[in-house]
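Participant: If you scroll down you'll find the structure; I have some questions about it.
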Amino acid sequence: SAVRKQAELRRYFPDVEDETLVDDFSCALLLRGFLLHGRLYITDGHLCFHSNTMGMKTVEVIPMRLVASVSRESAAVVFPSTIQITTVEGQVFLFSSFLYGKRAYNLIRQLCKPYSCGVARSTSTIDISS
């Protein structure tokens, strides 16, 4: 339910507790060569990822105002429909394994517009070996 998801947002991300959850997606974050399955919570001002994979908690909070570009990438056949978020500081976040990847991508694009972040559509292959 929406109330339960809003409560999860507040519990995992106390810094954005005053924001309203727009949507959330089950997905994976590629971090240091590992896919960490978790949930991407999207508010009107932040992208918030939470994972608790094999006891390893991972939390990433990306302010929309720091997003430089959003693109859809193809990371070989293994990770289709990956969304790449690049910040103005040069950080790159790769989110994949979406059930509704196109919907997530379109929502992020829409919410990024007020912040003038760049939006690109790419079909390049991402090197996941590093």
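Chains: A, B, ... in order of the structure tokens. Residues: from 1 per chain. Ligands: from 1, in order shown.
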For A:Asn52, find every residue with an atom within 9 Å (counting only C-alpha atoms), except residues of its own chain fewer than 3 positions away, and show them as JSON, numbers by chain.

Facilitator: {"A": [36, 37, 38, 55, 56, 57, 58, 59]}

Participant: Quick one: residues within 8 Å of A:Thr87, only C-alpha atoms, excluding same-chain residues fewer than 6 positions away - as a list in words?

Facilitator: Leu66, Val67, Ala68 and Ser69 of chain A

Participant: Please produce an output containing N, CA and C atoms for each residue in the selection, written as an mmCIF file, in the first residue's frame.

Facilitator:
data_model
loop_
_atom_site.group_PDB
_atom_site.id
_atom_site.type_symbol
_atom_site.label_atom_id
_atom_site.label_comp_id
_atom_site.auth_asym_id
_atom_site.auth_seq_id
_atom_site.Cartn_x
_atom_site.Cartn_y
_atom_site.Cartn_z
ATOM 1 N N LEU A 66 21.358 17.300 -8.396
ATOM 2 C CA LEU A 66 22.733 16.941 -8.732
ATOM 3 C C LEU A 66 22.828 15.989 -9.930
ATOM 4 N N VAL A 67 21.687 15.625 -10.512
ATOM 5 C CA VAL A 67 21.696 14.719 -11.658
ATOM 6 C C VAL A 67 22.069 15.502 -12.917
ATOM 7 N N ALA A 68 23.169 15.068 -13.544
ATOM 8 C CA ALA A 68 23.627 15.716 -14.781
ATOM 9 C C ALA A 68 22.999 15.060 -16.007
ATOM 10 N N SER A 69 22.828 13.728 -15.958
ATOM 11 C CA SER A 69 22.217 13.041 -17.096
ATOM 12 C C SER A 69 21.539 11.749 -16.663
#

Participant: I need the strand (DSSP E or B) residues of stretch 28-84 of chain A per DSSP on the backbone, written as a ChimeraX atom specification.

Facilitator: /A:28-31,34-43,46-53,56-63,67-75,79-84

Participant: I need the alpha helix (DSSP H) residues of chain A per DSSP on the backbone, written as a ChimeraX atom specification.

Facilitator: /A:2-12,101-112

Participant: Write the selection just made, keeping N, CA and C atoms, as a PDB file, in the first residue's frame?

Facilitator:
ATOM      1  N   ALA A   2       0.289   2.356  -0.381  1.00  0.00           N
ATOM      2  CA  ALA A   2       1.025   3.621  -0.456  1.00  0.00           C
ATOM      3  C   ALA A   2       1.487   4.085   0.925  1.00  0.00           C
ATOM      4  N   VAL A   3       0.668   3.857   1.938  1.00  0.00           N
ATOM      5  CA  VAL A   3       1.023   4.262   3.300  1.00  0.00           C
ATOM      6  C   VAL A   3       2.239   3.473   3.788  1.00  0.00           C
ATOM      7  N   ARG A   4       2.259   2.167   3.502  1.00  0.00           N
ATOM      8  CA  ARG A   4       3.386   1.314   3.907  1.00  0.00           C
ATOM      9  C   ARG A   4       4.674   1.735   3.199  1.00  0.00           C
ATOM     10  N   LYS A   5       4.577   2.041   1.898  1.00  0.00           N
ATOM     11  CA  LYS A   5       5.762   2.452   1.136  1.00  0.00           C
ATOM     12  C   LYS A   5       6.288   3.801   1.624  1.00  0.00           C
ATOM     13  N   GLN A   6       5.387   4.715   1.965  1.00  0.00           N
ATOM     14  CA  GLN A   6       5.799   6.017   2.503  1.00  0.00           C
ATOM     15  C   GLN A   6       6.513   5.823   3.841  1.00  0.00           C
ATOM     16  N   ALA A   7       6.024   4.894   4.657  1.00  0.00           N
ATOM     17  CA  ALA A   7       6.659   4.590   5.944  1.00  0.00           C
ATOM     18  C   ALA A   7       8.049   3.987   5.731  1.00  0.00           C
ATOM     19  N   GLU A   8       8.202   3.122   4.722  1.00  0.00           N
ATOM     20  CA  GLU A   8       9.516   2.565   4.391  1.00  0.00           C
ATOM     21  C   GLU A   8      10.477   3.685   3.997  1.00  0.00           C
ATOM     22  N   LEU A   9      10.002   4.604   3.181  1.00  0.00           N
ATOM     23  CA  LEU A   9      10.833   5.741   2.751  1.00  0.00           C
ATOM     24  C   LEU A   9      11.337   6.505   3.971  1.00  0.00           C
ATOM     25  N   ARG A  10      10.461   6.797   4.899  1.00  0.00           N
ATOM     26  CA  ARG A  10      10.841   7.535   6.105  1.00  0.00           C
ATOM     27  C   ARG A  10      11.819   6.756   6.969  1.00  0.00           C
ATOM     28  N   ARG A  11      11.627   5.432   7.052  1.00  0.00           N
ATOM     29  CA  ARG A  11      12.496   4.600   7.900  1.00  0.00           C
ATOM     30  C   ARG A  11      13.903   4.487   7.304  1.00  0.00           C
ATOM     31  N   TYR A  12      13.990   4.231   6.002  1.00  0.00           N
ATOM     32  CA  TYR A  12      15.294   4.030   5.362  1.00  0.00           C
ATOM     33  C   TYR A  12      16.019   5.334   5.048  1.00  0.00           C
ATOM     34  N   GLY A 101      11.094  -1.012 -16.225  1.00  0.00           N
ATOM     35  CA  GLY A 101      12.212  -0.106 -16.462  1.00  0.00           C
ATOM     36  C   GLY A 101      11.855   1.123 -17.268  1.00  0.00           C
ATOM     37  N   LYS A 102      11.041   0.960 -18.278  1.00  0.00           N
ATOM     38  CA  LYS A 102      10.659   2.108 -19.110  1.00  0.00           C
ATOM     39  C   LYS A 102       9.846   3.116 -18.299  1.00  0.00           C
ATOM     40  N   ARG A 103       8.963   2.604 -17.444  1.00  0.00           N
ATOM     41  CA  ARG A 103       8.172   3.499 -16.601  1.00  0.00           C
ATOM     42  C   ARG A 103       9.074   4.247 -15.613  1.00  0.00           C
ATOM     43  N   ALA A 104      10.037   3.542 -15.021  1.00  0.00           N
ATOM     44  CA  ALA A 104      10.972   4.179 -14.085  1.00  0.00           C
ATOM     45  C   ALA A 104      11.787   5.254 -14.801  1.00  0.00           C
ATOM     46  N   TYR A 105      12.300   4.925 -15.981  1.00  0.00           N
ATOM     47  CA  TYR A 105      13.105   5.868 -16.761  1.00  0.00           C
ATOM     48  C   TYR A 105      12.295   7.123 -17.100  1.00  0.00           C
ATOM     49  N   ASN A 106      11.080   6.931 -17.588  1.00  0.00           N
ATOM     50  CA  ASN A 106      10.242   8.076 -17.956  1.00  0.00           C
ATOM     51  C   ASN A 106       9.908   8.947 -16.752  1.00  0.00           C
ATOM     52  N   LEU A 107       9.669   8.325 -15.604  1.00  0.00           N
ATOM     53  CA  LEU A 107       9.373   9.086 -14.392  1.00  0.00           C
ATOM     54  C   LEU A 107      10.586   9.896 -13.944  1.00  0.00           C
ATOM     55  N   ILE A 108      11.750   9.279 -13.939  1.00  0.00           N
ATOM     56  CA  ILE A 108      12.971  10.000 -13.553  1.00  0.00           C
ATOM     57  C   ILE A 108      13.213  11.168 -14.500  1.00  0.00           C
ATOM     58  N   ARG A 109      13.050  10.932 -15.787  1.00  0.00           N
ATOM     59  CA  ARG A 109      13.200  12.012 -16.787  1.00  0.00           C
ATOM     60  C   ARG A 109      12.257  13.159 -16.487  1.00  0.00           C
ATOM     61  N   GLN A 110      11.009  12.824 -16.241  1.00  0.00           N
ATOM     62  CA  GLN A 110       9.989  13.836 -15.969  1.00  0.00           C
ATOM     63  C   GLN A 110      10.326  14.649 -14.723  1.00  0.00           C
ATOM     64  N   LEU A 111      10.740  13.975 -13.664  1.00  0.00           N
ATOM     65  CA  LEU A 111      11.037  14.666 -12.412  1.00  0.00           C
ATOM     66  C   LEU A 111      12.344  15.448 -12.473  1.00  0.00           C
ATOM     67  N   CYS A 112      13.224  15.091 -13.401  1.00  0.00           N
ATOM     68  CA  CYS A 112      14.498  15.792 -13.562  1.00  0.00           C
ATOM     69  C   CYS A 112      14.347  17.112 -14.310  1.00  0.00           C
TER      70      CYS A 112
END

Participant: Residues near A:Ile42, anyone? I mean within 9 Å using only C-alpha atoms, not counting same-chain ones fewer than 6 positions away, as a list in words.

Facilitator: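 Final neighbour list, sorted by chain and number: Thr20, Leu21, Val22, Asp23, Asp24, Phe25, Cys48, Phe49, Ala104, Leu107 and Ile108 of chain A.
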
Participant: Compare A:Arg39, A:Pro63, A:Arg32, A:Val70 by their minimum atom-to-atom distance to A:Glu19, counting only C-alpha atoms, and give me the closest one.

Facilitator: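 Looking only at the distances to A:Glu19, the closest residue turns out to be A:Pro63.
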
Participant: One decimal, Å: what's the distance from atom CA of A:Val88 over to atom CA of A:Leu47, could you say?

Facilitator: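 Here the two named atoms are 14.6 Å from each other.
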
Participant: Can you tell me how far atom CA of A:Ser51 sits from atom CA of A:Thr86, in Å to one decimal?

Facilitator: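 Answer for the atom CA of A:Ser51 to atom CA of A:Thr86 separation: 19.9 Å.
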
Participant: Separation of atom CA of A:Leu30 and atom CA of A:Ile83, in Å?

Facilitator: 10.6 Å

Participant: Dump as a tab-separated table the rows for residues of stretch 5-49 of chain A within 9 Å of stretch 91-94 of chain A: closest atom pair and distance in Å with one decimal, only C-alpha atoms counted, ordered by chain and rising residue number.

Facilitator:
residue	atom	partner	partner_atom	distance
A:Ala28	CA	A:Leu94	CA	8.3
A:Leu29	CA	A:Leu94	CA	5.8
A:Leu30	CA	A:Leu94	CA	5.5
A:Leu31	CA	A:Leu94	CA	7.9
